[in-house]
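Printed here is protein-v1.txt (compact mmCIF, C-alpha atoms):
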# COMPACT_ATOMS: atom_id res chain seq x y z
CA MET T 1248 30.48 -39.04 -8.85
CA PRO T 1249 27.83 -40.62 -11.05
CA ARG T 1250 27.01 -38.94 -14.29
CA PHE T 1251 23.48 -39.56 -15.39
CA ASP T 1252 23.47 -42.83 -17.36
CA ALA T 1253 20.31 -43.00 -19.46
CA THR T 1254 21.04 -46.61 -20.52
CA LEU T 1255 20.19 -47.80 -17.01
CA TRP T 1256 16.71 -46.30 -17.13
CA VAL T 1257 13.52 -46.72 -19.14
CA PRO T 1258 12.56 -43.49 -20.90
CA LEU T 1259 9.01 -42.29 -20.25
CA ALA T 1260 6.95 -39.81 -22.17
CA ALA T 1261 6.72 -36.90 -19.77
CA VAL T 1262 4.04 -34.33 -19.33
CA CYS T 1263 5.96 -31.18 -18.67
CA VAL T 1264 3.90 -28.49 -17.07
CA PRO T 1265 5.01 -24.96 -16.36
CA ALA T 1266 5.48 -24.55 -12.63
CA ALA T 1267 2.87 -21.84 -12.90
CA VAL T 1268 2.90 -19.12 -10.34
CA HIS T 1269 0.40 -20.26 -7.80
CA ALA T 1270 -0.55 -19.47 -4.30
CA THR T 1271 -1.77 -21.30 -1.25
CA GLN T 1272 -3.73 -19.60 1.47
CA TYR T 1273 -3.32 -21.61 4.65
CA LEU T 1274 -4.80 -19.39 7.30
CA THR T 1275 -6.38 -15.98 7.58
CA VAL T 1276 -4.95 -13.57 10.15
CA GLU T 1277 -7.93 -14.26 12.44
CA GLN T 1278 -7.49 -18.04 12.18
CA ALA T 1279 -3.79 -17.73 12.97
CA GLN T 1280 -4.55 -15.52 15.98
CA ARG T 1281 -6.92 -18.15 17.38
CA LEU T 1282 -4.40 -20.94 16.75
CA LEU T 1283 -1.42 -19.17 18.29
CA PHE T 1284 -3.24 -17.50 21.20
CA PRO T 1285 -6.26 -19.71 21.90
CA ALA T 1286 -6.80 -18.07 25.31
CA ALA T 1287 -6.83 -14.48 24.04
CA GLU T 1288 -10.03 -12.46 24.23
CA SER T 1289 -8.84 -9.62 22.03
CA PHE T 1290 -6.00 -8.49 19.82
CA ALA T 1291 -5.14 -4.78 20.06
CA PRO T 1292 -3.23 -3.31 17.12
CA SER T 1293 -0.08 -1.44 18.08
CA THR T 1294 3.24 -0.35 16.55
CA LEU T 1295 6.74 -1.19 17.70
CA ARG T 1296 9.45 1.30 16.83
CA SER T 1297 13.16 0.66 16.90
CA GLY T 1298 15.26 3.26 15.14
CA ARG T 1299 13.70 3.62 11.72
CA ASP T 1300 12.11 0.21 11.88
CA GLU T 1301 8.36 0.30 12.41
CA GLN T 1302 6.58 -2.96 12.97
CA PRO T 1303 2.83 -3.25 13.32
CA VAL T 1304 1.93 -5.84 15.94
CA TRP T 1305 -1.12 -7.09 17.80
CA ARG T 1306 -1.11 -7.34 21.57
CA ALA T 1307 -2.94 -10.50 22.63
CA VAL T 1308 -4.93 -9.80 25.76
CA ARG T 1309 -7.15 -11.73 28.15
CA GLY T 1310 -8.83 -9.53 30.75
CA ASP T 1311 -5.95 -7.54 32.29
CA ALA T 1312 -3.37 -10.12 31.31
CA PHE T 1313 -0.98 -9.45 28.43
CA LEU T 1314 -0.38 -12.80 26.73
CA GLY T 1315 2.11 -11.75 24.08
CA TYR T 1316 2.63 -10.28 20.63
CA PHE T 1317 1.10 -11.55 17.43
CA ILE T 1318 3.00 -10.33 14.37
CA VAL T 1319 2.40 -10.85 10.68
CA ASP T 1320 5.47 -10.57 8.50
CA GLU T 1321 6.45 -11.27 4.94
CA VAL T 1322 9.65 -12.76 3.59
CA ILE T 1323 10.76 -12.88 0.01
CA GLY T 1324 12.85 -15.90 -0.82
CA LYS T 1325 14.62 -16.86 -3.98
CA HIS T 1326 11.61 -18.64 -5.33
CA GLU T 1327 8.74 -17.76 -3.09
CA LEU T 1328 6.97 -15.11 -1.16
CA ILE T 1329 5.78 -16.17 2.25
CA THR T 1330 3.46 -14.43 4.67
CA TYR T 1331 3.73 -15.88 8.15
CA ALA T 1332 2.56 -15.14 11.66
CA VAL T 1333 4.62 -15.45 14.80
CA ALA T 1334 3.55 -15.53 18.45
CA ILE T 1335 6.05 -14.10 20.93
CA ASP T 1336 5.33 -14.24 24.65
CA PRO T 1337 5.91 -11.28 27.03
CA GLN T 1338 9.37 -12.69 27.82
CA GLY T 1339 10.34 -12.47 24.16
CA VAL T 1340 10.21 -16.21 23.54
CA VAL T 1341 8.78 -17.48 20.26
CA ARG T 1342 5.71 -19.61 20.97
CA GLY T 1343 4.77 -20.57 17.45
CA VAL T 1344 5.05 -19.82 13.76
CA GLU T 1345 2.34 -20.42 11.18
CA ILE T 1346 2.48 -19.89 7.44
CA LEU T 1347 -0.49 -17.79 6.31
CA HIS T 1348 0.16 -17.50 2.63
CA TYR T 1349 2.68 -19.03 0.31
CA ARG T 1350 3.26 -17.86 -3.20
CA GLU T 1351 5.69 -19.53 -5.51
CA SER T 1352 7.50 -17.72 -8.26
CA ARG T 1353 9.03 -18.95 -11.46
CA GLY T 1354 12.42 -17.70 -10.55
CA GLY T 1355 13.82 -14.20 -10.79
CA GLU T 1356 10.61 -12.27 -10.79
CA VAL T 1357 10.36 -12.04 -7.00
CA ARG T 1358 12.95 -9.31 -7.22
CA ASP T 1359 10.80 -7.40 -9.67
CA PRO T 1360 8.62 -4.85 -7.87
CA ARG T 1361 5.91 -5.32 -10.48
CA TRP T 1362 5.81 -9.01 -9.69
CA ARG T 1363 5.58 -8.28 -6.00
CA ALA T 1364 2.84 -5.74 -6.57
CA GLN T 1365 0.50 -8.47 -7.72
CA PHE T 1366 0.26 -9.83 -4.17
CA VAL T 1367 -1.21 -6.65 -2.81
CA GLY T 1368 -4.78 -7.34 -1.86
CA LYS T 1369 -4.49 -11.05 -2.64
CA GLY T 1370 -6.52 -13.13 -0.28
CA PRO T 1371 -8.17 -16.43 0.37
CA ALA T 1372 -9.94 -16.36 -2.96
CA ASP T 1373 -6.91 -17.73 -4.77
CA PRO T 1374 -7.91 -20.86 -6.61
CA LEU T 1375 -6.60 -24.08 -5.16
CA ARG T 1376 -6.28 -26.96 -7.52
CA LEU T 1377 -5.09 -30.31 -6.42
CA GLY T 1378 -1.95 -31.20 -8.30
CA GLU T 1379 -0.94 -27.59 -8.54
CA ASP T 1380 -0.73 -27.02 -4.87
CA ILE T 1381 2.66 -27.10 -3.18
CA GLN T 1382 1.25 -30.01 -1.19
CA ASN T 1383 1.77 -32.13 -4.25
CA LEU T 1384 5.10 -30.74 -5.28
CA SER T 1385 7.95 -33.04 -4.52
CA GLY T 1386 11.33 -31.37 -4.78
CA ALA T 1387 13.45 -29.81 -2.10
CA THR T 1388 12.77 -26.21 -2.87
CA LEU T 1389 10.91 -24.78 0.05
CA SER T 1390 13.36 -23.02 2.21
CA SER T 1391 12.39 -21.93 5.67
CA ARG T 1392 15.63 -20.10 6.20
CA HIS T 1393 14.12 -16.75 5.32
CA ILE T 1394 11.39 -17.29 7.88
CA THR T 1395 13.96 -18.12 10.52
CA ASP T 1396 15.78 -14.90 9.69
CA GLY T 1397 12.52 -12.95 9.78
CA VAL T 1398 11.57 -14.36 13.19
CA ARG T 1399 15.03 -13.52 14.49
CA ARG T 1400 14.58 -9.92 13.33
CA LEU T 1401 11.23 -9.64 15.14
CA VAL T 1402 12.60 -11.14 18.33
CA ALA T 1403 15.50 -8.66 18.23
CA LEU T 1404 13.08 -5.82 17.61
CA LEU T 1405 11.11 -6.76 20.73
CA LYS T 1406 14.27 -7.11 22.78
CA GLY T 1407 15.36 -3.62 21.83
CA ARG T 1408 12.34 -2.06 23.46
CA MET F 665 -10.38 -29.98 4.77
CA ILE F 666 -7.65 -28.31 6.78
CA ARG F 667 -4.53 -26.81 5.28
CA ARG F 668 -1.67 -25.63 7.44
CA ALA F 669 2.05 -25.07 7.04
CA ARG F 670 4.82 -24.44 9.53
CA PRO F 671 8.59 -24.08 9.29
CA HIS F 672 10.18 -27.28 10.59
CA LEU F 673 13.12 -29.53 9.73
CA GLY F 674 14.76 -26.73 7.77
CA THR F 675 11.91 -26.57 5.32
CA ILE F 676 8.25 -25.70 5.17
CA VAL F 677 6.05 -28.58 6.22
CA GLY F 678 2.57 -28.52 4.76
CA ILE F 679 -0.35 -30.64 5.91
CA SER F 680 -3.63 -30.93 4.04
CA ALA F 681 -6.08 -33.32 5.60
CA ASP F 682 -9.66 -34.22 6.14
CA ALA F 683 -9.04 -33.99 9.88
CA THR F 684 -9.85 -32.04 13.04
CA PRO F 685 -7.70 -29.02 14.03
CA PRO F 686 -6.30 -30.85 17.11
CA ALA F 687 -5.29 -33.78 14.90
CA VAL F 688 -3.31 -31.47 12.63
CA SER F 689 -1.72 -29.74 15.62
CA ALA F 690 -0.73 -33.15 17.03
CA ALA F 691 0.85 -34.07 13.68
CA PHE F 692 2.93 -30.87 13.72
CA ALA F 693 3.93 -31.61 17.32
CA ALA F 694 5.25 -35.03 16.22
CA ILE F 695 7.28 -33.39 13.43
CA GLU F 696 8.70 -30.86 15.87
CA GLN F 697 9.68 -33.64 18.23
CA VAL F 698 11.52 -35.48 15.47
CA HIS F 699 13.43 -32.27 14.81
CA LEU F 700 14.30 -31.78 18.50
CA LEU F 701 15.42 -35.41 18.84
CA MET F 702 17.36 -35.79 15.62
CA SER F 703 18.78 -32.46 14.49
CA ALA F 704 22.54 -32.79 14.09
CA GLN F 705 22.87 -29.04 14.69
CA ARG F 706 21.37 -29.20 18.18
CA SER F 707 23.88 -30.26 20.82
CA ASP F 708 21.02 -31.34 23.12
CA SER F 709 19.42 -33.65 20.54
CA ASP F 710 19.91 -37.41 20.65
CA ILE F 711 22.13 -37.13 17.57
CA GLY F 712 24.11 -34.29 19.16
CA ARG F 713 24.70 -36.45 22.25
CA ILE F 714 25.65 -39.47 20.15
CA ASN F 715 28.25 -37.43 18.27
CA ARG F 716 29.65 -36.00 21.49
CA GLU F 717 29.56 -38.98 23.84
CA ALA F 718 28.76 -42.28 22.16
CA PHE F 719 32.39 -43.08 21.42
CA ARG F 720 33.20 -42.92 25.13
CA ARG F 721 30.00 -44.28 26.63
CA SER F 722 26.72 -45.82 25.63
CA VAL F 723 24.06 -43.14 25.00
CA ARG F 724 20.40 -43.80 25.74
CA VAL F 725 18.10 -42.40 23.07
CA HIS F 726 14.37 -41.90 22.51
CA ALA F 727 12.48 -44.81 20.95
CA TRP F 728 11.93 -42.79 17.77
CA THR F 729 15.63 -42.07 17.38
CA PHE F 730 16.41 -45.73 17.97
CA GLU F 731 13.91 -46.73 15.32
CA VAL F 732 15.42 -44.31 12.77
CA LEU F 733 18.93 -45.59 13.52
CA GLU F 734 17.78 -49.19 13.20
CA ARG F 735 16.08 -48.55 9.86
CA ALA F 736 19.08 -46.54 8.64
CA MET F 737 21.45 -49.41 9.45
CA GLN F 738 19.17 -51.85 7.67
CA ILE F 739 19.10 -49.69 4.52
CA SER F 740 22.88 -49.23 4.72
CA GLU F 741 23.36 -52.99 4.86
CA ARG F 742 20.95 -53.68 2.04
CA SER F 743 22.47 -50.97 -0.17
CA GLY F 744 26.06 -52.04 0.34
CA GLY F 745 26.84 -48.79 2.12
CA ALA F 746 25.57 -46.49 -0.63
CA PHE F 747 23.32 -45.01 2.03
CA ASP F 748 25.14 -44.23 5.26
CA ILE F 749 24.25 -41.94 8.16
CA VAL F 750 27.91 -41.75 9.21
CA MET F 751 29.41 -38.72 7.49
CA PRO F 752 32.64 -39.17 5.55
CA GLY F 753 35.83 -37.64 6.82
CA THR F 754 36.64 -39.71 9.90
CA GLY F 755 37.01 -43.05 8.16
CA ALA F 756 34.08 -44.40 10.16
CA HIS F 757 31.08 -46.13 8.57
CA PHE F 758 27.66 -47.39 9.63
CA THR F 759 29.35 -50.59 10.75
CA ASP F 760 30.89 -48.58 13.58
CA ILE F 761 27.47 -47.93 15.13
CA VAL F 762 26.34 -50.39 17.79
CA LEU F 763 22.69 -50.47 18.80
CA GLU F 764 21.67 -52.28 21.97
CA GLN F 765 18.45 -51.92 23.95
CA SER F 766 17.62 -48.26 23.26
CA CYS F 767 21.28 -47.32 23.61
CA VAL F 768 23.82 -46.30 21.00
CA ARG F 769 27.58 -46.78 21.04
CA LEU F 770 30.24 -45.83 18.46
CA ARG F 771 33.24 -48.10 17.93
CA ARG F 772 35.30 -45.11 16.81
CA PRO F 773 34.81 -41.34 16.75
CA ALA F 774 32.28 -40.55 14.05
CA ARG F 775 29.80 -37.92 12.97
CA VAL F 776 26.28 -39.26 12.60
CA ASP F 777 23.74 -37.27 10.60
CA VAL F 778 20.26 -38.66 10.04
CA SER F 779 18.98 -35.70 8.04
CA GLY F 780 18.81 -37.92 4.96
CA ILE F 781 16.18 -40.11 6.58
CA ALA F 782 14.65 -38.27 9.56
CA LYS F 783 12.60 -35.95 7.39
CA GLY F 784 10.96 -38.97 5.78
CA PHE F 785 10.41 -40.50 9.23
CA ALA F 786 8.83 -37.24 10.44
CA VAL F 787 6.40 -37.28 7.52
CA ASP F 788 5.52 -40.91 8.27
CA MET F 789 4.96 -40.09 11.96
CA ALA F 790 2.75 -37.14 11.05
CA VAL F 791 0.63 -39.34 8.79
CA GLY F 792 0.36 -41.92 11.59
CA VAL F 793 -0.75 -39.28 14.10
CA LEU F 794 -3.35 -37.91 11.67
CA GLN F 795 -4.78 -41.38 11.06
CA ALA F 796 -4.75 -42.27 14.77
CA ASN F 797 -6.77 -39.09 15.34
CA GLY F 798 -9.42 -40.04 12.86
CA ALA F 799 -8.20 -38.34 9.68
CA ARG F 800 -9.63 -40.11 6.67
CA ALA F 801 -7.43 -38.69 3.93
CA GLY F 802 -4.69 -36.17 3.43
CA SER F 803 -1.13 -35.41 2.54
CA VAL F 804 1.99 -34.30 4.37
CA ASN F 805 4.77 -32.54 2.47
CA ALA F 806 8.13 -31.63 3.93
CA GLY F 807 9.90 -30.04 0.97
CA GLY F 808 10.96 -33.05 -1.01
CA ASP F 809 9.27 -35.71 1.09
CA LEU F 810 5.62 -36.24 0.31
CA ARG F 811 3.12 -38.80 1.55
CA PHE F 812 -0.55 -39.34 0.84
CA PHE F 813 -3.05 -41.40 2.78
CA GLY F 814 -6.67 -42.39 2.40
CA ASP F 815 -8.29 -41.74 -0.94
CA TRP F 816 -6.31 -38.56 -1.46
CA GLN F 817 -5.47 -38.21 -5.10
CA GLY F 818 -3.42 -35.86 -7.13
CA ALA F 819 -0.62 -35.91 -9.61
CA VAL F 820 2.84 -35.69 -8.11
CA ARG F 821 4.92 -33.08 -9.84
CA VAL F 822 8.69 -32.90 -9.72
CA ARG F 823 10.69 -29.83 -10.63
CA VAL F 824 12.99 -30.00 -13.62
CA PRO F 825 16.61 -29.60 -12.47
CA GLY F 826 18.13 -26.51 -14.00
CA ASN F 827 14.74 -25.09 -14.94
CA LEU F 828 12.78 -24.23 -11.85
CA GLY F 829 10.01 -22.80 -13.99
CA ALA F 830 9.04 -26.27 -15.17
CA ALA F 831 7.75 -29.41 -13.50
CA ILE F 832 7.01 -32.91 -14.69
CA CYS F 833 4.03 -35.01 -13.65
CA LEU F 834 4.95 -38.51 -12.54
CA PRO F 835 2.81 -41.32 -13.93
CA PRO F 836 0.06 -42.60 -11.60
CA SER F 837 1.56 -44.83 -8.94
CA ALA F 838 0.29 -47.27 -6.34
CA HIS F 839 2.82 -45.87 -3.88
CA GLU F 840 1.87 -43.36 -1.21
CA ALA F 841 5.29 -41.99 -0.34
CA PHE F 842 7.68 -40.01 -2.52
CA ALA F 843 11.05 -38.38 -1.94
CA THR F 844 13.22 -36.34 -4.28
CA SER F 845 16.94 -35.54 -4.16
CA SER F 846 18.84 -33.41 -6.59
CA GLY F 847 21.22 -30.56 -7.02
CA TYR F 848 18.41 -28.03 -7.43
CA PHE F 849 20.17 -25.35 -5.46
CA GLY F 850 23.74 -26.35 -5.97
CA ALA F 851 23.40 -29.07 -3.34
CA SER F 852 25.99 -31.78 -3.63
CA LEU F 853 26.02 -35.39 -2.65
CA ASN F 854 28.61 -37.35 -0.70
CA ASP F 855 29.58 -40.86 -1.61
CA PRO F 856 29.81 -42.46 1.84
CA ARG F 857 31.93 -45.28 0.42
CA THR F 858 34.72 -43.04 -0.87
CA GLY F 859 34.06 -39.66 0.74
CA ALA F 860 33.95 -38.10 -2.74
CA CYS F 861 31.58 -35.21 -3.17
CA ALA F 862 30.11 -33.75 -6.33
CA ALA F 863 27.10 -31.93 -7.65
CA ILE F 864 24.48 -33.79 -9.67
CA ASP F 865 22.62 -32.13 -12.49
CA TRP F 866 19.73 -34.58 -12.49
CA SER F 867 17.11 -35.44 -9.91
CA VAL F 868 15.99 -38.75 -8.52
CA THR F 869 12.58 -39.45 -7.03
CA VAL F 870 11.83 -42.70 -5.22
CA ALA F 871 8.30 -43.96 -4.64
CA ALA F 872 7.93 -46.43 -1.76
CA ALA F 873 5.59 -47.55 1.01
CA THR F 874 7.02 -45.05 3.50
CA CYS F 875 8.80 -41.71 3.24
CA LEU F 876 11.63 -43.01 5.42
CA VAL F 877 12.49 -45.66 2.83
CA ALA F 878 11.91 -43.30 -0.10
CA ASP F 879 14.08 -40.61 1.50
CA ALA F 880 17.00 -42.97 2.14
CA LEU F 881 16.78 -44.68 -1.24
CA THR F 882 17.01 -41.41 -3.20
CA LYS F 883 20.58 -41.05 -1.95
CA ALA F 884 21.48 -44.65 -2.81
CA VAL F 885 19.91 -44.41 -6.29
CA ALA F 886 21.70 -41.11 -6.98
CA LEU F 887 24.98 -42.94 -6.35
CA LEU F 888 24.26 -46.40 -7.75
CA GLY F 889 21.80 -45.59 -10.48
CA PRO F 890 18.47 -47.42 -10.50
CA ALA F 891 19.81 -50.66 -8.97
CA ARG F 892 16.96 -53.12 -9.41
CA TRP F 893 18.33 -55.45 -6.74
CA LEU F 894 17.99 -52.57 -4.30
CA LEU F 895 14.58 -51.26 -5.39
CA LYS F 896 13.19 -54.80 -5.35
CA GLN F 897 14.04 -55.32 -1.68
CA PHE F 898 11.87 -52.34 -0.77
CA GLU F 899 9.20 -52.74 -3.47
CA ALA F 900 10.14 -49.27 -4.62
CA ALA F 901 10.17 -47.46 -7.94
CA ALA F 902 12.57 -44.77 -9.08
CA PHE F 903 12.20 -41.85 -11.46
CA ALA F 904 14.92 -39.61 -12.83
CA ILE F 905 14.70 -36.27 -14.57
CA ASP F 906 17.84 -35.51 -16.51
CA GLY F 907 19.37 -32.12 -17.12
CA ASP F 908 17.40 -31.78 -20.36
CA GLY F 909 14.10 -32.33 -18.60
CA ARG F 910 13.48 -35.91 -19.80
CA LEU F 911 11.76 -38.38 -17.50
CA HIS F 912 13.15 -41.89 -16.92
CA ALA F 913 11.88 -44.73 -14.75
CA ALA F 914 12.98 -47.95 -13.08
CA SER F 915 11.44 -50.39 -10.64
CA GLY F 916 12.39 -53.43 -8.62
Can you present the structure in this file as C-alpha cells?
Amino acid sequence: MPRFDATLWVPLAAVCVPAAVHATQYLTVEQAQRLLFPAAESFAPSTLRSGRDEQPVWRAVRGDAFLGYFIVDEVIGKHELITYAVAIDPQGVVRGVEILHYRESRGGEVRDPRWRAQFVGKGPADPLRLGEDIQNLSGATLSSRHITDGVRRLVALLKGR
Amino acid sequence: MIRRARPHLGTIVGISADATPPAVSAAFAAIEQVHLLMSAQRSDSDIGRINREAFRRSVRVHAWTFEVLERAMQISERSGGAFDIVMPGTGAHFTDIVLEQSCVRLRRPARVDVSGIAKGFAVDMAVGVLQANGARAGSVNAGGDLRFFGDWQGAVRVRVPGNLGAAICLPPSAHEAFATSSGYFGASLNDPRTGACAAIDWSVTVAAATCLVADALTKAVALLGPARWLLKQFEAAAFAIDGDGRLHAASG
C-alpha cells in the first residue's frame, strides 16, 4: 500500500481553519410537514407509548382521513448531531426522511451533556456562511447510519402498537 | 435559495440551490434512483442482478447503470487498472465485464461494486436535473463528493486526516466537481491490481469536470500517487493532505 510520498507532489501553503462547530438549519418543522405530507390539512400532536419509550408524534390528517405519522427525532453521531423528520404511512411504511437541522462537532464533545445542552432552543437563526456550511465541506464524514437506525426504531415503535 | 438534506447513498446528501422546491425534489428523486439501481447491497438493484446472474446470462440494465459501467471501464483502462469496479478476491478484473447494447455479461464469476463512482454520478445527475428545471446556481454535496454550478462560489474545505477538528481550504479552482477519499474513519483501500488492502493516513481530493470522474480518480491517485499522465487525460487536478496536515498539489 502506498505510503504518502511528498516528493511526487508540489507543496502548497495551506490555510488551516478550525472546523468550527457550526450548524445548518435546512427546514423548520412546519416546512418539513408540508414537504412530507403535502395533502394534509392538519397535524394533531399525540404520544406513542411502548413500554417505557414515549415518542411524541403528529398525526397528519385530511378531513376524516388519517394520512400517517410525522415524527421529529434526533440522533447523535460520532461527529454530528442531526435532527430529522420522518413520514410513516398508516401501514407503517416510511414515506420520506428530511434533515431539519445538522450540527457538526469537533469530535468528542457530542458525548458531553454540556455540549449537547447548547442545542436546546437553537433555531433557524444560526448564522450560515458560505464556505463554512457543510455544503462546501468535502470529506466523507457525514454518516447517515445513525438516521437509518433512528428510523428503524420509530418504525418498530409504531409496529408495536 | 433552497437548502435541503436527505439521507441517501449511505451518507447525507445536501442540496443548496437557487431553484424551485419541485426542482430540488426532482434532484433528490434522481439521487434515490441511482441508489436503487446501483446499490451493491440491494439484491434487486441492477448491480445485485449483475452479481447474481451476469456470469450465467446477459443482464439488461437501466441506461444510467449502463452509463456508469461504461465510464467505469473507460477510467479503468486509462488508469491501468488502478481504478476497478470489480472487487478483489475472485481473480476477476474489469476486463471480465462485457457491455453490449444495454446488457451486461461477466466472463467469470465476479463481484461488481460501483460505490466508488456511483455517488459521483448521482451528484452529477442531481446537478443536471436542477439545471434542467431552471436552477441558476447551487451545489450538491454527498459526503465527500461535491459539485457546484452556475456562479456559486465558496471555498472548498477538506478535513485534515487524523485531526477532525481542522480543515484546509483548497486554493481557488476552475473546476466545479470535487471528491475526497481518505482513511478518516479507519476506512481502508483495496488495490484492485493485487488485492492488497491497507489504511491510508493521508487524504486525496481530485478536482475535475464531473463528480463521476473526480470520485473514480481519487481511488487511482491514492494508489498511484499524483500520476500526471492520468490527471492530464481527464484535465483534473489533485490535492493531498498528509498526516501532519500539510497541503500538496498536482495537476495534469
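Nearest to Leu701 in chain F of all the residues F:Arg713, F:Asn797, F:Thr844, F:Gly916 is F:Arg713, counting all atoms listed in the file.
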Which residues are close to Ser766 in chain F, i.e. within 8 Å by only C-alpha atoms, leaving aside same-chain residues fewer than 3 positions away? Reply as a ChimeraX atom specification.
/F:724-727,730,763
Given a cut-off of 6 Å, which residues of chain F touch chain T, counting only C-alpha atoms, written out as number ranges by chain?
F: 667-671, 674-676, 805, 807-808, 818-822, 829-833, 844, 862, 887, 911-914
Save the residues we just selected, C-alpha atoms, as a PDB file, in the frame of the given file?
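Result file is result29.pdb:
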ATOM      1  CA  ARG F 667      -4.530 -26.810   5.280  1.00  0.00           C
ATOM      2  CA  ARG F 668      -1.670 -25.630   7.440  1.00  0.00           C
ATOM      3  CA  ALA F 669       2.050 -25.070   7.040  1.00  0.00           C
ATOM      4  CA  ARG F 670       4.820 -24.440   9.530  1.00  0.00           C
ATOM      5  CA  PRO F 671       8.590 -24.080   9.290  1.00  0.00           C
ATOM      6  CA  GLY F 674      14.760 -26.730   7.770  1.00  0.00           C
ATOM      7  CA  THR F 675      11.910 -26.570   5.320  1.00  0.00           C
ATOM      8  CA  ILE F 676       8.250 -25.700   5.170  1.00  0.00           C
ATOM      9  CA  ASN F 805       4.770 -32.540   2.470  1.00  0.00           C
ATOM     10  CA  GLY F 807       9.900 -30.040   0.970  1.00  0.00           C
ATOM     11  CA  GLY F 808      10.960 -33.050  -1.010  1.00  0.00           C
ATOM     12  CA  GLY F 818      -3.420 -35.860  -7.130  1.00  0.00           C
ATOM     13  CA  ALA F 819      -0.620 -35.910  -9.610  1.00  0.00           C
ATOM     14  CA  VAL F 820       2.840 -35.690  -8.110  1.00  0.00           C
ATOM     15  CA  ARG F 821       4.920 -33.080  -9.840  1.00  0.00           C
ATOM     16  CA  VAL F 822       8.690 -32.900  -9.720  1.00  0.00           C
ATOM     17  CA  GLY F 829      10.010 -22.800 -13.990  1.00  0.00           C
ATOM     18  CA  ALA F 830       9.040 -26.270 -15.170  1.00  0.00           C
ATOM     19  CA  ALA F 831       7.750 -29.410 -13.500  1.00  0.00           C
ATOM     20  CA  ILE F 832       7.010 -32.910 -14.690  1.00  0.00           C
ATOM     21  CA  CYS F 833       4.030 -35.010 -13.650  1.00  0.00           C
ATOM     22  CA  THR F 844      13.220 -36.340  -4.280  1.00  0.00           C
ATOM     23  CA  ALA F 862      30.110 -33.750  -6.330  1.00  0.00           C
ATOM     24  CA  LEU F 887      24.980 -42.940  -6.350  1.00  0.00           C
ATOM     25  CA  LEU F 911      11.760 -38.380 -17.500  1.00  0.00           C
ATOM     26  CA  HIS F 912      13.150 -41.890 -16.920  1.00  0.00           C
ATOM     27  CA  ALA F 913      11.880 -44.730 -14.750  1.00  0.00           C
ATOM     28  CA  ALA F 914      12.980 -47.950 -13.080  1.00  0.00           C
TER      29      ALA F 914
END
What separation in Å, quoted to one decimal, exists between CA of Asp906 in chain F and CA of Pro825 in chain F?
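Those two atoms sit 7.3 Å apart.
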By how many Å are CA of Phe812 in chain F and CA of Ala841 in chain F apart?
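These two atoms are separated by 6.5 Å.
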Which of these residues is nearest to Arg1350 in chain T, using only C-alpha atoms: T:Val1304, T:Val1276, T:Ala1403, T:Leu1328?
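Residue with the minimum atom-to-atom distance to Arg1350 in chain T: T:Leu1328.
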Have a look at CA of Arg1309 in chain T and CA of Thr1330 in chain T and let me know their distance in Å, one decimal.
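Taking CA of Arg1309 in chain T as the start and CA of Thr1330 in chain T as the end point, the length is 25.9 Å.
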Option closest in space to Trp893 in chain F, from F:Ile666, F:Arg769, F:Met737, F:Gly744 [counting only C-alpha atoms]
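Result for the nearest residue to Trp893 in chain F: F:Gly744.
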Rank T:Arg1306, T:Arg1296, T:His1393, T:Lys1406 by their smallest atom-to-atom distance to Gln1338 in chain T, using all atoms listed in the file, and report the top residue only.
T:Lys1406
Can you pull out the residues contacting range 687-700 of chain F? Cut-off 6 Å, using all atoms listed in the file, and skip same-chain residues under 6 positions away; I want them as number ranges by chain.
F: 673, 709, 786, 790, 793-794, 797
Requested write-out: C-alpha atoms of the selected residues, as a PDB file, in the coordinates of the input:
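What landed in again.pdb:
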ATOM      1  CA  LEU F 673      13.120 -29.530   9.730  1.00  0.00           C
ATOM      2  CA  SER F 709      19.420 -33.650  20.540  1.00  0.00           C
ATOM      3  CA  ALA F 786       8.830 -37.240  10.440  1.00  0.00           C
ATOM      4  CA  ALA F 790       2.750 -37.140  11.050  1.00  0.00           C
ATOM      5  CA  VAL F 793      -0.750 -39.280  14.100  1.00  0.00           C
ATOM      6  CA  LEU F 794      -3.350 -37.910  11.670  1.00  0.00           C
ATOM      7  CA  ASN F 797      -6.770 -39.090  15.340  1.00  0.00           C
TER       8      ASN F 797
END
Kindly add N, CA and C atoms to the incomplete range 701-709 of chain F and provide the output as a PDB file, keeping the file's coordinate frame.
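This is the output file result.pdb:
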ATOM      1  N   LEU F 701      14.679 -34.193  18.519  1.00  0.00           N
ATOM      2  CA  LEU F 701      15.420 -35.410  18.840  1.00  0.00           C
ATOM      3  C   LEU F 701      16.598 -35.641  17.897  1.00  0.00           C
ATOM      4  N   MET F 702      16.417 -35.274  16.622  1.00  0.00           N
ATOM      5  CA  MET F 702      17.360 -35.790  15.620  1.00  0.00           C
ATOM      6  C   MET F 702      18.150 -34.745  14.853  1.00  0.00           C
ATOM      7  N   SER F 703      17.998 -33.467  15.182  1.00  0.00           N
ATOM      8  CA  SER F 703      18.780 -32.460  14.490  1.00  0.00           C
ATOM      9  C   SER F 703      20.261 -32.600  14.848  1.00  0.00           C
ATOM     10  N   ALA F 704      21.102 -32.676  13.827  1.00  0.00           N
ATOM     11  CA  ALA F 704      22.540 -32.790  14.090  1.00  0.00           C
ATOM     12  C   ALA F 704      23.114 -31.461  14.566  1.00  0.00           C
ATOM     13  N   GLN F 705      22.382 -30.365  14.302  1.00  0.00           N
ATOM     14  CA  GLN F 705      22.870 -29.040  14.690  1.00  0.00           C
ATOM     15  C   GLN F 705      22.636 -28.749  16.168  1.00  0.00           C
ATOM     16  N   ARG F 706      21.686 -29.465  16.769  1.00  0.00           N
ATOM     17  CA  ARG F 706      21.370 -29.200  18.180  1.00  0.00           C
ATOM     18  C   ARG F 706      22.250 -30.076  19.065  1.00  0.00           C
ATOM     19  N   SER F 707      22.992 -29.458  19.973  1.00  0.00           N
ATOM     20  CA  SER F 707      23.880 -30.260  20.820  1.00  0.00           C
ATOM     21  C   SER F 707      23.077 -31.061  21.834  1.00  0.00           C
ATOM     22  N   ASP F 708      21.817 -30.629  22.127  1.00  0.00           N
ATOM     23  CA  ASP F 708      21.020 -31.340  23.120  1.00  0.00           C
ATOM     24  C   ASP F 708      20.115 -32.404  22.486  1.00  0.00           C
ATOM     25  N   SER F 709      20.231 -32.601  21.166  1.00  0.00           N
ATOM     26  CA  SER F 709      19.420 -33.650  20.540  1.00  0.00           C
ATOM     27  C   SER F 709      20.084 -35.005  20.782  1.00  0.00           C
TER      28      SER F 709
END
